[in-house]
Structures are given as structure tokens and as C-alpha cells.
Amino acid sequence: MDAVQKILYPALRVRTVFVPPIFFLAHSKIIPTMKVDLNFQTPEHVCKHMCSMLTLGPYMHVLEPTAGIGNLARHIPAESVICPEDFFEMVPERFDAVVMNPPFTPMAKGYEILFQCMQMTDEVVALLPWPTIINSKKRTDALMEYGLKSVTHLPRSVFNGARVQCCILHLVRGYDSTTSFFAYSQ
């Protein structure tokens, strides 16, 4: 299968999505061809909320570094969405934005992905565990220095069975005003 597939979306607009070999397309849905943990995929309503936070213009180039089953990738309002098969094997490049829900196990891997992505863009919207900002002064300082625009608290019910409380961080490089706090509701 080609790395680039054209997908016809319900709004009858064609977007180009760069799809790694772990996916195949069926009836405009991205479906994993390898084992993916389905328990903690980003729910559709959260994907829409996360993508609505982006300040994208037309023809933008966006990275979703850990696409899972592709929920976030399908909602990113950009001309091209890059979903690497293995983020750590990807050649670093510059993106207009990054939207992600990196793995929490181990948490250090998710943090590594976050901080590498922060070097590739000026805007990041990331679903992460609350300990990202409350369990490490060094990590919190790094996020604030980059530009922590907002934190959105997610209720535990967003991920049934989750033991870790989550939030959405909206980071904008150079943002130095007050960080906003929101409580998510469907």
C-alpha cells in the first residue's frame, strides 16, 4: 500500500493523510493491522475537542506521533497529517503543530515523545497524565518556559477503567501570559 492515501471524509472534502504500514483503509476508517491496545484510545469527542484547540490555517502539516487506531488523525483539520509507524525511527522535521495522546506505560516514554515533539513545532496539544505537571518541578518549568497556554482537566470517566487522571495540555511556543484552566465536559 502507498504511504499516502486519499480519504474521502463525510464533509465531501479530500485530505491527504500519510498512513504508516500498520494501517489499512476501509470505508474511510483507519484500522490497525498490528496489535494496538484498544482500551485507552482517544475517544472521538475528546479528539474533536483537542483538534478544536489548534490554531491552524489551510494547508498545514501536522504530526500525530503515536496514532493508535487513528482517532486523532481523522479529526485533525489540516491538509497533511503524519502518523509514523515508529516515532523514534522517524527523521525529525518541522511541523505546524503536533496533536497527541502518547503512551503512559512507561510514562517516561510519553514524556520523551512530548519533549521531542516540542522541538519540532510551535504548537502542541497533548493528552497526558496529570503527573506530567504535578510530579516534577523540572518538567513543569520546561512546559511553562515553552508556553503552557491551557490545561483541560478530563474526568476519569473519559477512559473507563483508567487509574491515572488525565488532562489536555495546550502548549504554544513563546506564550507567556496566564495559563488557563478548564474542566472538560461532553
# chains A, B, ... in the order shown; residues from 1 in each chain; ligands from 1

call {"tool": "residues_around", "arguments": {"residues": "Cys167 of chain A", "least_positions_apart": "6", "cutoff": "10 Å", "atoms": "only C-alpha atoms", "output": "VMD selection string"}}
result
chain A and resid 126 to 133 150 to 156 182 to 184

call {"tool": "select_by_dssp", "arguments": {"residues": "segment 40-89 of chain A", "states": "alpha helix (DSSP H)", "output": "count of residues only"}}
result
14

call {"tool": "residues_around", "arguments": {"residues": "segment 115-120 of chain A", "least_positions_apart": "3", "cutoff": "12 Å", "atoms": "only C-alpha atoms", "output": "PyMOL selection string"}}
result
chain A and resi 61-66+87-88+90-102+108-112+123-126+132+139-140+142-143+145-148+170-174

call {"tool": "atom_distance", "arguments": {"atom1": "atom CA of Val46 of chain A", "atom2": "atom CA of Asn160 of chain A"}}
result
13.6 Å

call {"tool": "select_by_dssp", "arguments": {"residues": "segment 69-180 of chain A", "states": "strand (DSSP E)", "output": "list in words"}}
result
Ser80, Val81, Ile82, Ala97, Val98, Val99, Met100, Glu123, Val124, Val125, Ala126, Leu127, Leu128, Pro129, Leu148, Lys149, Ser150, Val151, Thr152, His153, Leu154, Cys166, Cys167, Ile168, Leu169, His170, Leu171, Val172 and Ser180 of chain A

call {"tool": "write_last_selection", "arguments": {"atoms": "N, CA and C atoms", "output": "PDB file, in the first residue's frame"}}
result
ATOM      1  N   SER A  80      -2.182  17.936   5.594  1.00  0.00           N
ATOM      2  CA  SER A  80      -1.437  16.685   5.718  1.00  0.00           C
ATOM      3  C   SER A  80      -1.229  16.343   7.182  1.00  0.00           C
ATOM      4  N   VAL A  81      -1.415  15.080   7.481  1.00  0.00           N
ATOM      5  CA  VAL A  81      -1.272  14.556   8.830  1.00  0.00           C
ATOM      6  C   VAL A  81      -0.274  13.405   8.746  1.00  0.00           C
ATOM      7  N   ILE A  82       0.792  13.500   9.513  1.00  0.00           N
ATOM      8  CA  ILE A  82       1.841  12.484   9.505  1.00  0.00           C
ATOM      9  C   ILE A  82       1.663  11.603  10.730  1.00  0.00           C
ATOM     10  N   ALA A  97       2.060  21.885  13.724  1.00  0.00           N
ATOM     11  CA  ALA A  97       1.501  21.552  15.034  1.00  0.00           C
ATOM     12  C   ALA A  97       1.679  20.060  15.289  1.00  0.00           C
ATOM     13  N   VAL A  98       1.544  19.687  16.550  1.00  0.00           N
ATOM     14  CA  VAL A  98       1.551  18.284  16.967  1.00  0.00           C
ATOM     15  C   VAL A  98       0.321  18.073  17.841  1.00  0.00           C
ATOM     16  N   VAL A  99      -0.419  17.011  17.562  1.00  0.00           N
ATOM     17  CA  VAL A  99      -1.555  16.616  18.392  1.00  0.00           C
ATOM     18  C   VAL A  99      -1.301  15.176  18.790  1.00  0.00           C
ATOM     19  N   MET A 100      -1.424  14.868  20.107  1.00  0.00           N
ATOM     20  CA  MET A 100      -1.049  13.514  20.508  1.00  0.00           C
ATOM     21  C   MET A 100      -1.662  13.058  21.820  1.00  0.00           C
ATOM     22  N   GLU A 123       3.424  24.556  18.311  1.00  0.00           N
ATOM     23  CA  GLU A 123       2.137  24.313  18.969  1.00  0.00           C
ATOM     24  C   GLU A 123       1.944  22.821  19.198  1.00  0.00           C
ATOM     25  N   VAL A 124       1.610  22.464  20.438  1.00  0.00           N
ATOM     26  CA  VAL A 124       1.367  21.074  20.817  1.00  0.00           C
ATOM     27  C   VAL A 124       0.060  21.000  21.606  1.00  0.00           C
ATOM     28  N   VAL A 125      -0.799  20.059  21.239  1.00  0.00           N
ATOM     29  CA  VAL A 125      -1.974  19.730  22.040  1.00  0.00           C
ATOM     30  C   VAL A 125      -1.788  18.264  22.418  1.00  0.00           C
ATOM     31  N   ALA A 126      -1.653  18.003  23.723  1.00  0.00           N
ATOM     32  CA  ALA A 126      -1.304  16.662  24.170  1.00  0.00           C
ATOM     33  C   ALA A 126      -2.181  16.201  25.324  1.00  0.00           C
ATOM     34  N   LEU A 127      -2.699  14.991  25.193  1.00  0.00           N
ATOM     35  CA  LEU A 127      -3.440  14.349  26.278  1.00  0.00           C
ATOM     36  C   LEU A 127      -2.403  13.582  27.094  1.00  0.00           C
ATOM     37  N   LEU A 128      -2.281  13.940  28.365  1.00  0.00           N
ATOM     38  CA  LEU A 128      -1.241  13.378  29.223  1.00  0.00           C
ATOM     39  C   LEU A 128      -1.786  13.139  30.629  1.00  0.00           C
ATOM     40  N   PRO A 129      -1.069  12.335  31.409  1.00  0.00           N
ATOM     41  CA  PRO A 129      -1.482  12.149  32.805  1.00  0.00           C
ATOM     42  C   PRO A 129      -1.182  13.414  33.613  1.00  0.00           C
ATOM     43  N   LEU A 148       2.891  27.257  28.284  1.00  0.00           N
ATOM     44  CA  LEU A 148       1.708  26.464  28.645  1.00  0.00           C
ATOM     45  C   LEU A 148       0.492  27.385  28.614  1.00  0.00           C
ATOM     46  N   LYS A 149      -0.277  27.294  27.533  1.00  0.00           N
ATOM     47  CA  LYS A 149      -1.429  28.174  27.331  1.00  0.00           C
ATOM     48  C   LYS A 149      -2.627  27.728  28.155  1.00  0.00           C
ATOM     49  N   SER A 150      -2.891  26.405  28.177  1.00  0.00           N
ATOM     50  CA  SER A 150      -4.042  25.937  28.955  1.00  0.00           C
ATOM     51  C   SER A 150      -3.877  24.498  29.392  1.00  0.00           C
ATOM     52  N   VAL A 151      -4.624  24.167  30.448  1.00  0.00           N
ATOM     53  CA  VAL A 151      -4.729  22.807  30.960  1.00  0.00           C
ATOM     54  C   VAL A 151      -6.222  22.509  31.049  1.00  0.00           C
ATOM     55  N   THR A 152      -6.641  21.412  30.436  1.00  0.00           N
ATOM     56  CA  THR A 152      -8.043  21.000  30.497  1.00  0.00           C
ATOM     57  C   THR A 152      -8.120  19.701  31.277  1.00  0.00           C
ATOM     58  N   HIS A 153      -8.805  19.746  32.404  1.00  0.00           N
ATOM     59  CA  HIS A 153      -8.996  18.553  33.242  1.00  0.00           C
ATOM     60  C   HIS A 153      -9.986  17.606  32.567  1.00  0.00           C
ATOM     61  N   LEU A 154      -9.635  16.335  32.446  1.00  0.00           N
ATOM     62  CA  LEU A 154     -10.539  15.322  31.904  1.00  0.00           C
ATOM     63  C   LEU A 154     -11.079  14.476  33.052  1.00  0.00           C
ATOM     64  N   CYS A 166      -6.241  12.226  33.810  1.00  0.00           N
ATOM     65  CA  CYS A 166      -5.643  12.836  32.622  1.00  0.00           C
ATOM     66  C   CYS A 166      -6.026  14.291  32.447  1.00  0.00           C
ATOM     67  N   CYS A 167      -5.260  14.970  31.607  1.00  0.00           N
ATOM     68  CA  CYS A 167      -5.540  16.352  31.246  1.00  0.00           C
ATOM     69  C   CYS A 167      -5.049  16.586  29.823  1.00  0.00           C
ATOM     70  N   ILE A 168      -5.504  17.674  29.237  1.00  0.00           N
ATOM     71  CA  ILE A 168      -5.037  18.086  27.912  1.00  0.00           C
ATOM     72  C   ILE A 168      -4.210  19.344  28.109  1.00  0.00           C
ATOM     73  N   LEU A 169      -2.967  19.314  27.642  1.00  0.00           N
ATOM     74  CA  LEU A 169      -2.096  20.481  27.695  1.00  0.00           C
ATOM     75  C   LEU A 169      -2.080  21.134  26.325  1.00  0.00           C
ATOM     76  N   HIS A 170      -2.271  22.446  26.289  1.00  0.00           N
ATOM     77  CA  HIS A 170      -2.131  23.203  25.044  1.00  0.00           C
ATOM     78  C   HIS A 170      -0.902  24.074  25.208  1.00  0.00           C
ATOM     79  N   LEU A 171       0.120  23.762  24.437  1.00  0.00           N
ATOM     80  CA  LEU A 171       1.401  24.457  24.511  1.00  0.00           C
ATOM     81  C   LEU A 171       1.615  25.282  23.248  1.00  0.00           C
ATOM     82  N   VAL A 172       2.023  26.528  23.430  1.00  0.00           N
ATOM     83  CA  VAL A 172       2.329  27.406  22.307  1.00  0.00           C
ATOM     84  C   VAL A 172       3.669  28.063  22.607  1.00  0.00           C
ATOM     85  N   SER A 180      -4.567  29.132  31.366  1.00  0.00           N
ATOM     86  CA  SER A 180      -5.985  28.935  31.664  1.00  0.00           C
ATOM     87  C   SER A 180      -6.245  27.496  32.096  1.00  0.00           C
TER      88      SER A 180
END

call {"tool": "atom_distance", "arguments": {"atom1": "atom CA of Ile76 of chain A", "atom2": "atom CA of Ile113 of chain A"}}
result
18.8 Å

call {"tool": "atom_distance", "arguments": {"atom1": "atom CA of Ile69 of chain A", "atom2": "atom CA of Asp86 of chain A"}}
result
13.8 Å
